[in-house]
file my_file-v9.tsv (TSV, C-alpha atoms)
chain	number	residue	atom	x	y	z
A	1494	MET	CA	-43.63	76.59	76.19
A	1495	SER	CA	-42.87	73.48	78.22
A	1496	GLU	CA	-42.96	69.91	76.94
A	1497	ILE	CA	-45.81	67.66	78.03
A	1498	SER	CA	-44.66	64.50	79.79
A	1499	SER	CA	-47.66	63.88	82.05
A	1500	VAL	CA	-51.37	64.11	81.32
A	1501	ALA	CA	-54.38	63.90	83.62
A	1502	VAL	CA	-57.46	62.53	81.85
A	1503	VAL	CA	-60.56	63.61	83.75
A	1504	GLY	CA	-63.41	61.18	83.11
A	1505	LEU	CA	-62.60	57.52	82.37
A	1506	GLY	CA	-65.64	56.66	80.30
A	1507	TYR	CA	-66.04	55.43	76.74
A	1508	ILE	CA	-63.74	58.16	75.40
A	1509	GLY	CA	-61.57	59.18	78.36
A	1510	LEU	CA	-60.24	55.71	79.19
A	1511	PRO	CA	-59.29	54.82	75.59
A	1512	THR	CA	-57.59	58.22	75.25
A	1513	ALA	CA	-55.69	57.65	78.48
A	1514	ALA	CA	-54.66	54.16	77.38
A	1515	ILE	CA	-53.47	55.21	73.91
A	1516	LEU	CA	-51.42	58.08	75.37
A	1517	ALA	CA	-49.81	55.68	77.86
A	1518	GLU	CA	-49.17	53.19	75.07
A	1519	ASN	CA	-47.09	55.89	73.43
A	1520	GLY	CA	-44.97	56.64	76.49
A	1521	VAL	CA	-46.89	59.47	78.17
A	1522	ARG	CA	-47.40	59.20	81.94
A	1523	VAL	CA	-51.16	59.33	82.39
A	1524	HIS	CA	-53.16	59.94	85.56
A	1525	GLY	CA	-56.78	58.89	85.10
A	1526	VAL	CA	-59.41	60.66	87.19
A	1527	ASP	CA	-62.98	59.51	87.76
A	1528	VAL	CA	-65.75	59.99	90.32
A	1529	SER	CA	-66.49	56.24	90.36
A	1530	GLN	CA	-64.51	54.15	92.81
A	1531	ARG	CA	-65.45	51.07	90.77
A	1532	THR	CA	-63.87	52.58	87.65
A	1533	VAL	CA	-60.75	53.69	89.53
A	1534	ASP	CA	-60.30	50.23	91.05
A	1535	ALA	CA	-60.83	48.52	87.70
A	1536	VAL	CA	-58.24	50.65	85.92
A	1537	ASN	CA	-55.68	50.25	88.71
A	1538	ALA	CA	-56.19	46.48	88.45
A	1539	GLY	CA	-55.45	46.69	84.73
A	1540	THR	CA	-59.02	45.94	83.68
A	1541	VAL	CA	-61.83	47.91	82.03
A	1542	PRO	CA	-65.37	48.55	83.34
A	1543	PHE	CA	-67.10	48.32	79.94
A	1544	VAL	CA	-66.82	46.49	76.62
A	1545	GLU	CA	-64.60	47.96	73.90
A	1546	PRO	CA	-62.53	45.68	71.66
A	1547	ASP	CA	-58.76	45.75	72.38
A	1548	LEU	CA	-59.06	48.36	75.15
A	1549	ALA	CA	-58.41	45.84	77.93
A	1550	ASP	CA	-55.06	44.90	76.39
A	1551	PHE	CA	-53.99	48.55	76.17
A	1552	VAL	CA	-55.01	49.27	79.77
A	1553	SER	CA	-53.33	46.13	81.10
A	1554	ARG	CA	-50.04	46.94	79.36
A	1555	ALA	CA	-50.09	50.59	80.46
A	1556	VAL	CA	-50.76	49.75	84.11
A	1557	GLU	CA	-48.11	47.02	84.11
A	1558	LYS	CA	-45.54	49.50	82.74
A	1559	GLY	CA	-46.46	52.08	85.37
A	1560	LEU	CA	-47.63	54.58	82.76
A	1561	LEU	CA	-51.33	54.57	83.74
A	1562	SER	CA	-52.98	54.82	87.13
A	1563	ALA	CA	-56.34	56.10	88.32
A	1564	THR	CA	-57.53	58.19	91.23
A	1565	LEU	CA	-60.58	60.00	92.52
A	1566	ASP	CA	-58.66	63.25	92.95
A	1567	THR	CA	-57.26	65.47	90.21
A	1568	PRO	CA	-53.43	65.54	90.41
A	1569	LYS	CA	-50.83	67.92	89.06
A	1570	ALA	CA	-49.92	67.35	85.42
A	1571	ASP	CA	-48.50	69.15	82.41
A	1572	ALA	CA	-51.76	68.79	80.52
A	1573	TYR	CA	-55.38	67.98	81.32
A	1574	ILE	CA	-57.90	66.29	79.04
A	1575	VAL	CA	-61.49	66.71	80.22
A	1576	ALA	CA	-63.77	63.95	78.90
A	1577	VAL	CA	-66.83	64.17	81.14
A	1578	PRO	CA	-70.53	63.86	80.22
A	1579	THR	CA	-72.55	66.73	78.75
A	1580	PRO	CA	-76.15	65.64	79.38
A	1581	PHE	CA	-79.38	67.57	78.97
A	1582	LYS	CA	-81.14	69.80	81.45
A	1583	ASP	CA	-84.54	71.50	81.19
A	1584	GLY	CA	-85.50	69.49	78.13
A	1585	HIS	CA	-82.76	69.61	75.52
A	1586	ALA	CA	-80.51	72.37	76.86
A	1587	PRO	CA	-76.88	71.29	77.37
A	1588	ASP	CA	-75.81	70.82	80.99
A	1589	LEU	CA	-72.22	72.04	81.45
A	1590	GLY	CA	-72.20	71.15	85.14
A	1591	TYR	CA	-69.75	68.26	84.77
A	1592	ILE	CA	-67.36	70.39	82.73
A	1593	GLU	CA	-67.53	73.18	85.30
A	1594	ALA	CA	-66.94	70.72	88.15
A	1595	ALA	CA	-63.90	69.29	86.36
A	1596	ALA	CA	-62.54	72.81	85.82
A	1597	ARG	CA	-62.98	73.67	89.49
A	1598	ALA	CA	-61.22	70.44	90.50
A	1599	LEU	CA	-58.18	70.98	88.29
A	1600	ALA	CA	-57.81	74.72	88.92
A	1601	PRO	CA	-55.98	74.33	92.28
A	1602	GLN	CA	-53.38	72.11	90.60
A	1603	LEU	CA	-52.35	74.70	87.99
A	1604	SER	CA	-49.21	76.76	88.32
A	1605	GLY	CA	-49.09	78.25	84.81
A	1606	ASP	CA	-48.16	77.07	81.30
A	1607	GLU	CA	-50.39	73.97	81.47
A	1608	LEU	CA	-52.55	72.86	78.55
A	1609	VAL	CA	-56.23	72.19	79.33
A	1610	ILE	CA	-58.17	70.35	76.63
A	1611	LEU	CA	-61.92	69.80	76.52
A	1612	GLU	CA	-62.80	66.60	74.65
A	1613	SER	CA	-66.41	66.39	75.80
A	1614	THR	CA	-68.88	67.00	73.00
A	1615	SER	CA	-70.04	70.52	73.76
A	1616	PRO	CA	-72.09	73.45	72.48
A	1617	PRO	CA	-70.25	76.44	71.02
A	1618	GLY	CA	-68.66	78.44	73.82
A	1619	ALA	CA	-68.17	75.54	76.25
A	1620	THR	CA	-64.36	75.72	76.12
A	1621	GLU	CA	-64.54	79.44	76.84
A	1622	ARG	CA	-66.83	78.67	79.76
A	1623	MET	CA	-64.35	76.11	81.10
A	1624	ALA	CA	-61.56	78.70	80.95
A	1625	GLU	CA	-63.78	81.24	82.69
A	1626	VAL	CA	-64.41	78.80	85.57
A	1627	VAL	CA	-60.67	78.15	85.93
A	1628	TYR	CA	-59.87	81.86	86.00
A	1629	THR	CA	-62.67	82.56	88.46
A	1630	GLU	CA	-61.16	79.95	90.78
A	1631	ARG	CA	-57.61	81.13	90.06
A	1632	PRO	CA	-57.54	84.80	88.96
A	1633	ASP	CA	-53.77	84.74	89.51
A	1634	LEU	CA	-53.41	82.54	86.42
A	1635	ARG	CA	-54.78	85.05	83.90
A	1636	GLU	CA	-51.29	86.28	83.04
A	1637	SER	CA	-49.54	82.90	83.20
A	1638	LYS	CA	-50.46	81.61	79.75
A	1639	VAL	CA	-52.56	78.58	80.60
A	1640	ASP	CA	-53.64	77.25	77.20
A	1641	PHE	CA	-57.14	75.99	76.43
A	1642	ALA	CA	-58.24	73.88	73.49
A	1643	HIS	CA	-61.15	71.81	72.24
A	1644	CYS	CA	-60.37	68.49	70.57
A	1645	PRO	CA	-63.60	66.59	69.91
A	1646	GLU	CA	-63.48	62.82	69.54
A	1647	ARG	CA	-64.95	61.31	66.39
A	1648	VAL	CA	-64.64	57.57	66.95
A	1649	LEU	CA	-67.08	54.71	66.50
A	1650	PRO	CA	-67.86	52.51	69.51
A	1651	GLY	CA	-66.50	49.07	68.79
A	1652	ARG	CA	-63.58	50.55	66.81
A	1653	VAL	CA	-62.34	53.18	69.23
A	1654	MET	CA	-58.78	51.91	69.63
A	1655	VAL	CA	-58.35	51.80	65.85
A	1656	GLU	CA	-60.02	55.10	65.01
A	1657	LEU	CA	-58.24	57.06	67.74
A	1658	VAL	CA	-55.09	56.40	65.72
A	1659	THR	CA	-56.33	56.48	62.12
A	1660	ASN	CA	-59.02	59.19	62.01
A	1661	ASP	CA	-58.29	62.81	61.18
A	1662	ARG	CA	-58.56	65.10	64.18
A	1663	ILE	CA	-59.88	68.64	64.64
A	1664	VAL	CA	-58.04	70.79	67.18
A	1665	GLY	CA	-59.45	74.15	68.19
A	1666	GLY	CA	-57.25	76.44	70.23
A	1667	SER	CA	-58.10	79.49	72.29
A	1668	THR	CA	-54.93	80.90	70.70
A	1669	PRO	CA	-52.65	79.67	67.90
A	1670	ARG	CA	-50.14	78.62	70.58
A	1671	ALA	CA	-52.80	76.52	72.35
A	1672	ALA	CA	-53.76	74.84	69.08
A	1673	GLN	CA	-50.13	73.99	68.29
A	1674	ARG	CA	-49.55	72.54	71.76
A	1675	ALA	CA	-52.67	70.39	71.55
A	1676	LYS	CA	-51.68	69.25	68.07
A	1677	ALA	CA	-48.26	68.19	69.35
A	1678	LEU	CA	-49.87	66.13	72.11
A	1679	TYR	CA	-52.25	64.32	69.77
A	1680	GLU	CA	-49.44	63.68	67.33
A	1681	THR	CA	-47.99	61.25	69.89
A	1682	PHE	CA	-50.60	58.71	68.74
A	1683	CYS	CA	-52.73	60.14	65.90
A	1684	GLU	CA	-51.67	59.12	62.41
A	1685	GLY	CA	-54.50	61.01	60.73
A	1686	GLN	CA	-54.36	64.63	59.65
A	1687	ILE	CA	-54.69	67.13	62.51
A	1688	LEU	CA	-56.63	70.21	61.43
A	1689	LEU	CA	-56.31	73.45	63.40
A	1690	THR	CA	-59.02	76.02	64.05
A	1691	ASP	CA	-60.51	78.03	66.93
A	1692	THR	CA	-62.45	76.50	69.82
A	1693	ARG	CA	-65.96	77.46	68.71
A	1694	THR	CA	-65.47	76.11	65.20
A	1695	ALA	CA	-64.07	72.87	66.61
A	1696	GLU	CA	-67.05	72.54	68.95
A	1697	MET	CA	-69.49	73.18	66.11
A	1698	ALA	CA	-67.69	70.79	63.73
A	1699	LYS	CA	-68.42	67.80	65.98
A	1700	LEU	CA	-72.07	68.80	66.31
A	1701	VAL	CA	-72.42	69.28	62.56
A	1702	GLU	CA	-70.90	65.89	61.77
A	1703	ASN	CA	-73.45	64.10	63.92
A	1704	SER	CA	-76.32	66.32	62.83
A	1705	PHE	CA	-75.56	65.43	59.20
A	1706	ARG	CA	-75.87	61.76	60.13
A	1707	ASP	CA	-79.04	62.40	62.12
A	1708	VAL	CA	-80.76	64.20	59.23
A	1709	ASN	CA	-79.96	61.36	56.85
A	1710	ILE	CA	-81.16	58.71	59.31
A	1711	ALA	CA	-84.36	60.72	59.81
A	1712	PHE	CA	-85.00	60.55	56.07
A	1713	ALA	CA	-84.72	56.75	56.20
A	1714	ASN	CA	-86.90	56.54	59.30
A	1715	GLU	CA	-89.57	58.75	57.76
A	1716	LEU	CA	-89.50	56.55	54.66
A	1717	SER	CA	-90.14	53.51	56.86
A	1718	LEU	CA	-93.26	55.15	58.28
A	1719	ILE	CA	-94.53	56.12	54.83
A	1720	CYS	CA	-93.86	52.64	53.44
A	1721	ALA	CA	-95.71	51.03	56.35
A	1722	GLU	CA	-98.77	53.14	55.46
A	1723	LEU	CA	-98.53	52.29	51.77
A	1724	GLY	CA	-97.74	48.58	52.10
A	1725	ILE	CA	-94.26	48.88	50.59
A	1726	ASP	CA	-91.15	47.00	51.77
A	1727	VAL	CA	-88.88	49.86	52.82
A	1728	TRP	CA	-85.75	47.69	52.70
A	1729	GLU	CA	-86.38	46.72	49.08
A	1730	LEU	CA	-87.26	50.32	48.23
A	1731	ILE	CA	-83.99	51.68	49.65
A	1732	GLU	CA	-81.99	48.92	47.97
A	1733	LEU	CA	-83.50	49.81	44.60
A	1734	ALA	CA	-83.14	53.58	45.08
A	1735	ASN	CA	-79.48	53.19	46.07
A	1736	HIS	CA	-78.71	51.80	42.62
A	1737	HIS	CA	-78.86	55.40	41.43
A	1738	PRO	CA	-75.22	56.57	41.19
A	1739	ARG	CA	-75.81	59.66	43.34
A	1740	VAL	CA	-78.21	58.22	45.93
A	1741	ASN	CA	-77.10	56.57	49.18
A	1742	ILE	CA	-80.06	56.31	51.55
A	1743	LEU	CA	-79.18	55.00	55.01
A	1744	GLN	CA	-81.04	52.17	56.76
A	1745	PRO	CA	-84.00	52.85	59.06
A	1746	GLY	CA	-84.20	51.54	62.59
A	1747	PRO	CA	-86.13	51.88	65.86
A	1748	GLY	CA	-84.70	55.34	66.53
A	1749	VAL	CA	-81.28	56.85	67.10
A	1750	GLY	CA	-79.17	56.35	70.21
A	1751	GLY	CA	-75.71	56.73	71.63
A	1752	HIS	CA	-73.82	59.56	73.21
A	1753	CYS	CA	-73.43	61.57	69.98
A	1754	ILE	CA	-76.04	61.44	67.23
A	1755	ALA	CA	-79.02	61.39	69.61
A	1756	VAL	CA	-77.66	64.32	71.62
A	1757	ASP	CA	-75.43	66.64	69.59
A	1758	PRO	CA	-78.05	68.06	67.17
A	1759	TRP	CA	-80.06	69.38	70.11
A	1760	PHE	CA	-77.03	71.48	71.11
A	1761	ILE	CA	-77.25	73.25	67.74
A	1762	VAL	CA	-81.02	73.68	68.13
A	1763	ASP	CA	-80.45	75.16	71.59
A	1764	ALA	CA	-77.83	77.56	70.23
A	1765	ALA	CA	-79.98	78.72	67.29
A	1766	PRO	CA	-83.57	77.71	68.07
A	1767	ASP	CA	-85.26	79.81	65.40
A	1768	THR	CA	-82.90	78.85	62.60
A	1769	ALA	CA	-82.08	75.14	63.02
A	1770	ARG	CA	-85.35	73.94	61.49
A	1771	ILE	CA	-84.21	70.88	59.52
A	1772	ILE	CA	-82.01	69.72	62.37
A	1773	ARG	CA	-84.91	70.05	64.83
A	1774	ALA	CA	-87.29	68.19	62.50
A	1775	ALA	CA	-84.80	65.34	62.09
A	1776	ARG	CA	-84.43	65.01	65.86
A	1777	GLU	CA	-88.20	64.94	66.31
A	1778	ILE	CA	-88.60	62.24	63.64
A	1779	ASN	CA	-85.89	60.05	65.16
A	1780	ASP	CA	-87.03	60.66	68.73
A	1781	GLY	CA	-90.58	59.71	67.68
A	1782	LYS	CA	-89.67	56.40	66.04
A	1783	PRO	CA	-89.60	54.36	69.30
A	1784	LYS	CA	-93.26	55.23	69.98
A	1785	TRP	CA	-94.17	53.99	66.52
A	1786	VAL	CA	-92.36	50.70	67.21
A	1787	VAL	CA	-94.18	50.30	70.53
A	1788	ASP	CA	-97.49	50.91	68.74
A	1789	GLN	CA	-96.59	48.16	66.24
A	1790	ALA	CA	-95.84	45.81	69.12
A	1791	LYS	CA	-99.15	46.67	70.81
A	1792	ALA	CA	-101.07	45.89	67.63
A	1793	ALA	CA	-99.28	42.55	67.27
A	1794	ALA	CA	-99.89	41.69	70.91
A	1795	PHE	CA	-103.60	42.52	70.55
A	1796	ASP	CA	-103.90	40.15	67.59
A	1797	VAL	CA	-102.24	37.32	69.53
A	1798	GLN	CA	-104.48	37.89	72.54
A	1799	GLN	CA	-107.59	37.88	70.35
A	1800	ALA	CA	-106.51	34.61	68.73
A	1801	THR	CA	-105.36	32.77	71.87
A	1802	GLY	CA	-107.34	34.34	74.71
A	1803	ARG	CA	-104.18	34.96	76.75
A	1804	ALA	CA	-101.56	37.62	77.17
A	1805	PRO	CA	-98.78	37.15	74.61
A	1806	VAL	CA	-95.16	36.40	75.45
A	1807	VAL	CA	-92.93	39.06	73.90
A	1808	ALA	CA	-89.23	38.60	73.13
A	1809	VAL	CA	-87.24	41.83	72.86
A	1810	LEU	CA	-83.95	41.27	71.06
A	1811	GLY	CA	-81.30	43.87	71.81
A	1812	LEU	CA	-80.91	46.76	74.25
A	1813	ALA	CA	-77.71	48.46	73.07
A	1814	PHE	CA	-77.84	51.54	70.85
A	1815	LYS	CA	-75.86	49.81	68.07
A	1816	PRO	CA	-74.74	46.29	67.16
A	1817	ASN	CA	-72.15	44.22	69.02
A	1818	ILE	CA	-71.47	46.53	72.00
A	1819	ASP	CA	-72.85	46.87	75.53
A	1820	ASP	CA	-73.40	50.65	75.38
A	1821	LEU	CA	-76.97	51.53	76.41
A	1822	ARG	CA	-76.62	55.31	76.42
A	1823	GLU	CA	-79.64	57.05	74.82
A	1824	SER	CA	-80.60	53.67	73.38
A	1825	PRO	CA	-83.98	53.61	71.61
A	1826	ALA	CA	-83.99	49.83	72.06
A	1827	LEU	CA	-83.79	50.19	75.83
A	1828	ASN	CA	-86.51	52.83	75.79
A	1829	ILE	CA	-88.75	50.58	73.70
A	1830	ALA	CA	-88.13	47.57	75.95
A	1831	THR	CA	-88.94	49.66	79.02
A	1832	GLU	CA	-92.15	50.99	77.47
A	1833	VAL	CA	-93.23	47.49	76.41
A	1834	ALA	CA	-92.58	46.19	79.93
A	1835	GLN	CA	-94.65	49.03	81.41
A	1836	GLN	CA	-97.60	48.68	79.03
A	1837	PHE	CA	-97.70	44.87	78.71
A	1838	THR	CA	-98.06	44.21	82.43
A	1839	GLY	CA	-99.82	40.88	81.91
A	1840	SER	CA	-97.22	39.55	79.50
A	1841	ARG	CA	-93.86	37.90	80.04
A	1842	ILE	CA	-91.21	40.12	78.48
A	1843	LEU	CA	-88.15	38.07	77.54
A	1844	VAL	CA	-85.23	40.44	77.06
A	1845	VAL	CA	-82.22	39.26	75.06
A	1846	GLU	CA	-78.97	41.23	75.19
A	1847	PRO	CA	-75.88	39.05	74.74
A	1848	HIS	CA	-73.50	41.87	75.71
A	1849	VAL	CA	-74.76	42.46	79.24
A	1850	GLU	CA	-74.84	40.13	82.24
A	1851	GLU	CA	-77.74	41.74	84.08
A	1852	LEU	CA	-80.78	43.84	83.32
A	1853	PRO	CA	-80.22	47.62	83.36
A	1854	ALA	CA	-81.87	49.69	86.08
A	1855	ALA	CA	-84.81	50.66	83.85
A	1856	LEU	CA	-85.86	46.99	83.60
A	1857	ALA	CA	-84.42	45.40	86.74
A	1858	GLY	CA	-86.96	44.48	89.38
A	1859	ARG	CA	-89.94	44.34	87.02
A	1860	GLU	CA	-91.79	41.11	87.73
A	1861	ASN	CA	-92.74	40.55	84.09
A	1862	VAL	CA	-89.20	40.97	82.69
A	1863	GLU	CA	-86.55	38.26	82.35
A	1864	LEU	CA	-83.07	38.34	80.79
A	1865	VAL	CA	-82.77	35.17	78.70
A	1866	PRO	CA	-80.62	33.65	75.90
A	1867	ALA	CA	-81.76	34.41	72.36
A	1868	GLU	CA	-82.82	30.87	71.53
A	1869	ASP	CA	-84.99	30.64	74.66
A	1870	GLY	CA	-86.60	34.00	74.04
A	1871	ILE	CA	-87.53	33.22	70.44
A	1872	ARG	CA	-88.75	29.70	71.26
A	1873	GLU	CA	-91.14	30.87	73.98
A	1874	ALA	CA	-92.35	34.10	72.38
A	1875	ASP	CA	-95.50	34.83	70.45
A	1876	VAL	CA	-94.17	38.22	69.31
A	1877	VAL	CA	-90.48	38.76	68.49
A	1878	LEU	CA	-89.29	42.36	68.47
A	1879	LEU	CA	-85.83	42.70	66.87
A	1880	LEU	CA	-84.37	46.06	67.92
A	1881	VAL	CA	-80.60	45.64	67.47
A	1882	ASP	CA	-78.91	43.73	64.66
A	1883	HIS	CA	-76.25	42.04	66.78
A	1884	ASP	CA	-74.23	39.45	64.86
A	1885	ALA	CA	-75.48	36.91	67.41
A	1886	PHE	CA	-79.02	37.31	66.01
A	1887	ALA	CA	-78.14	36.97	62.32
A	1888	GLY	CA	-78.91	33.27	61.93
A	1889	LEU	CA	-82.01	33.13	64.10
A	1890	GLY	CA	-84.64	34.33	61.63
A	1891	ALA	CA	-85.67	30.79	60.67
A	1892	ALA	CA	-86.53	30.03	64.29
A	1893	THR	CA	-89.29	32.66	64.23
A	1894	GLU	CA	-91.53	30.73	61.83
A	1895	GLY	CA	-95.15	30.90	62.97
A	1896	LYS	CA	-94.49	33.89	65.23
A	1897	THR	CA	-95.25	37.56	64.73
A	1898	VAL	CA	-91.96	39.32	63.95
A	1899	ILE	CA	-91.31	43.05	64.07
A	1900	ASP	CA	-87.86	43.42	62.53
A	1901	THR	CA	-86.90	47.07	62.92
A	1902	ARG	CA	-83.44	46.52	61.42
A	1903	GLY	CA	-84.23	44.39	58.38
A	1904	GLN	CA	-81.76	41.77	59.60
A	1905	TRP	CA	-84.00	38.82	58.76
A	1906	ARG	CA	-85.49	39.91	55.44

call {"tool": "encode", "arguments": {"input": "my_file-v9.tsv", "output": "structure tokens"}}
result
Amino acid sequence: MSEISSVAVVGLGYIGLPTAAILAENGVRVHGVDVSQRTVDAVNAGTVPFVEPDLADFVSRAVEKGLLSATLDTPKADAYIVAVPTPFKDGHAPDLGYIEAAARALAPQLSGDELVILESTSPPGATERMAEVVYTERPDLRESKVDFAHCPERVLPGRVMVELVTNDRIVGGSTPRAAQRAKALYETFCEGQILLTDTRTAEMAKLVENSFRDVNIAFANELSLICAELGIDVWELIELANHHPRVNILQPGPGVGGHCIAVDPWFIVDAAPDTARIIRAAREINDGKPKWVVDQAKAAAFDVQQATGRAPVVAVLGLAFKPNIDDLRESPALNIATEVAQQFTGSRILVVEPHVEELPAALAGRENVELVPAEDGIREADVVLLLVDHDAFAGLGAATEGKTVIDTRGQWR
């Protein structure tokens, strides 16, 4: 069993690039691989193509020391970490196409005894599928002890560089040897406990963690709908209920977004469609919340138009899926803003997102949509729709006096 001195990280996104940078920080020679020339160029210049606190410093140091470089082509290495997207296809079925493509690209570089790790959040059996693709491409490797493992990330955007080091880690190996090799690699930077299991259990553990969160958020979101019907302040209700020593209700919002909680539960539903009833119901509740928010905005806009005789100006505060980051993946806020722009064609839609410099593709080019500073948006709006509780919005509630406010986060209560 050879030592690992070089690692190729395939996929330099929100998880792959931080993983590559933290490995390089700890003396491992890392080759980053990505399909985007923009990403490759950014990394080779010692910069990062997205916002994540502290990541730029890690990347800059690693590139300067010659421990991190990026390329479009998969090179030879002692170990491979695959961190590519796992989107949906045909509704909510997992699409393993990116994983399979990564496996086909790395297969020609293998000579035997390498470690191949799948970090992408995946349905049970995905690591086995990755190994199958490699062996189909390279049947000569079946007897050469290539090791496969699944090591799901469990970090919070905005704290990735901290939690990569401090959080406990689950490592699932195709064999005990594979698990031990993967553990040894992650021990180069992980200070948390590293827990060993098989690949399917590791895959399922990540999905279960996020499904647990999703179910609890769905409870809060369903409460918000019930309270709206009954004329009850849901924020006060939850605050009071949480004084019970064994109750900890989460906060409602406009939906659930991001690359994990909004996606992972569907992988369980797809794997066990007749059994995963609570998980499916939670997903449907959270996926349905954006439509409810849009309906609230439509009602407010109608009232303004009836009172003024003109189309209202609507300020939409926040596009990211969580506070203080620029990540728009699966963002309910972005979906709501897009739907409002489509339905309120006669209105000016003033979008405020302090963490982006230009409108995303879903909103760019729409004649009724402008990206503006928060103060301008609130000042000119008739209806203010707060979708993300960025710190930058915290002190702006007083400026909304006399306007119709739909605060989906309870930031201004």

call {"tool": "residues_around", "arguments": {"input": "my_file-v9.tsv", "residues": "Gly1618 in chain A", "least_positions_apart": "5", "cutoff": "9 Å", "atoms": "all atoms listed in the file", "output": "ChimeraX atom specification"}}
result
/A:1623,1692-1693,1696

call {"tool": "write_last_selection", "arguments": {"input": "my_file-v9.tsv", "atoms": "C-alpha atoms", "output": "PDB file, keeping the file's coordinate frame"}}
result
ATOM      1  CA  MET A1623     -64.350  76.110  81.100  1.00  0.00           C
ATOM      2  CA  THR A1692     -62.450  76.500  69.820  1.00  0.00           C
ATOM      3  CA  ARG A1693     -65.960  77.460  68.710  1.00  0.00           C
ATOM      4  CA  GLU A1696     -67.050  72.540  68.950  1.00  0.00           C
TER       5      GLU A1696
END

call {"tool": "residues_around", "arguments": {"input": "my_file-v9.tsv", "residues": "range 1598-1614 of chain A", "least_positions_apart": "4", "cutoff": "9 Å", "atoms": "all atoms listed in the file", "output": "ChimeraX atom specification"}}
result
/A:1494-1495,1497,1503,1508-1509,1566-1579,1592-1594,1619-1620,1623-1624,1626-1628,1630-1631,1634-1646,1666,1671,1674-1675,1696,1699-1700,1752-1753,1757

call {"tool": "residues_around", "arguments": {"input": "my_file-v9.tsv", "residues": "Thr1838 in chain A", "least_positions_apart": "3", "cutoff": "10 Å", "atoms": "all atoms listed in the file", "output": "VMD selection string"}}
result
chain A and resid 1804 1833 to 1835 1841 to 1842 1859 to 1862

call {"tool": "closest_residue", "arguments": {"input": "my_file-v9.tsv", "among": "A:Ala1563, A:Leu1856, A:Leu1827, A:Leu1689", "to": "Thr1532 in chain A", "atoms": "all atoms listed in the file"}}
result
A:Ala1563

call {"tool": "closest_residue", "arguments": {"input": "my_file-v9.tsv", "among": "A:Thr1897, A:Asn1714, A:Asn1741, A:Ser1840", "to": "Ala1793 in chain A", "atoms": "all atoms listed in the file"}}
result
A:Thr1897

call {"tool": "atom_distance", "arguments": {"input": "my_file-v9.tsv", "atom1": "CA of Gly1748 in chain A", "atom2": "CA of Val1658 in chain A"}}
result
29.6 Å

call {"tool": "atom_distance", "arguments": {"input": "my_file-v9.tsv", "atom1": "CA of Leu1510 in chain A", "atom2": "CA of Val1533 in chain A"}}
result
10.5 Å

call {"tool": "residues_around", "arguments": {"input": "my_file-v9.tsv", "residues": "Ser1529 in chain A", "least_positions_apart": "5", "cutoff": "12 Å", "atoms": "all atoms listed in the file", "output": "PyMOL selection string"}}
result
chain A and resi 1503-1506+1534-1536+1542+1563-1566

call {"tool": "write_last_selection", "arguments": {"input": "my_file-v9.tsv", "atoms": "C-alpha atoms", "output": "short mmCIF file (atom, residue, chain, number, x, y, z; two decimals), keeping the file's coordinate frame"}}
result
data_model
loop_
_atom_site.label_atom_id
_atom_site.label_comp_id
_atom_site.auth_asym_id
_atom_site.auth_seq_id
_atom_site.Cartn_x
_atom_site.Cartn_y
_atom_site.Cartn_z
CA VAL A 1503 -60.56 63.61 83.75
CA GLY A 1504 -63.41 61.18 83.11
CA LEU A 1505 -62.60 57.52 82.37
CA GLY A 1506 -65.64 56.66 80.30
CA ASP A 1534 -60.30 50.23 91.05
CA ALA A 1535 -60.83 48.52 87.70
CA VAL A 1536 -58.24 50.65 85.92
CA PRO A 1542 -65.37 48.55 83.34
CA ALA A 1563 -56.34 56.10 88.32
CA THR A 1564 -57.53 58.19 91.23
CA LEU A 1565 -60.58 60.00 92.52
CA ASP A 1566 -58.66 63.25 92.95
#

call {"tool": "atom_distance", "arguments": {"input": "my_file-v9.tsv", "atom1": "CA of Leu1560 in chain A", "atom2": "CA of Arg1652 in chain A"}}
result
22.9 Å

call {"tool": "residues_around", "arguments": {"input": "my_file-v9.tsv", "residues": "Leu1880 in chain A", "least_positions_apart": "2", "cutoff": "6 Å", "atoms": "all atoms listed in the file", "output": "short mmCIF file (atom, residue, chain, number, x, y, z; two decimals) with C-alpha atoms, in the frame of the given file"}}
result
data_model
loop_
_atom_site.label_atom_id
_atom_site.label_comp_id
_atom_site.auth_asym_id
_atom_site.auth_seq_id
_atom_site.Cartn_x
_atom_site.Cartn_y
_atom_site.Cartn_z
CA LEU A 1810 -83.95 41.27 71.06
CA GLY A 1811 -81.30 43.87 71.81
CA ALA A 1826 -83.99 49.83 72.06
CA THR A 1901 -86.90 47.07 62.92
#

call {"tool": "closest_residue", "arguments": {"input": "my_file-v9.tsv", "among": "A:Ala1792, A:Gly1903, A:Ala1555, A:Ala1765", "to": "Ile1731 in chain A", "atoms": "all atoms listed in the file"}}
result
A:Gly1903

call {"tool": "closest_atom_pairs", "arguments": {"input": "my_file-v9.tsv", "of": "range 1876-1900 of chain A", "to": "range 1843-1846 of chain A", "cutoff": "10 Å", "atoms": "only C-alpha atoms", "output": "Markdown table"}}
result
| residue | atom | partner | partner_atom | distance |
| --- | --- | --- | --- | --- |
| A:Val1877 | CA | A:Leu1843 | CA | 9.4 |
| A:Leu1878 | CA | A:Val1844 | CA | 9.7 |
| A:Leu1879 | CA | A:Val1845 | CA | 9.6 |
| A:Val1881 | CA | A:Glu1846 | CA | 9.0 |
| A:His1883 | CA | A:Glu1846 | CA | 8.9 |
| A:Ala1885 | CA | A:Glu1846 | CA | 9.6 |
| A:Phe1886 | CA | A:Val1845 | CA | 9.8 |

call {"tool": "axis_aligned_box", "arguments": {"input": "my_file-v9.tsv", "around": "range 1505-1517 of chain A", "padding_each_side": "6 Å", "output": "JSON"}}
result
{"center_x": -57.9, "center_y": 56.7, "center_z": 78.1, "size_x": 28.2, "size_y": 17.0, "size_z": 20.5}
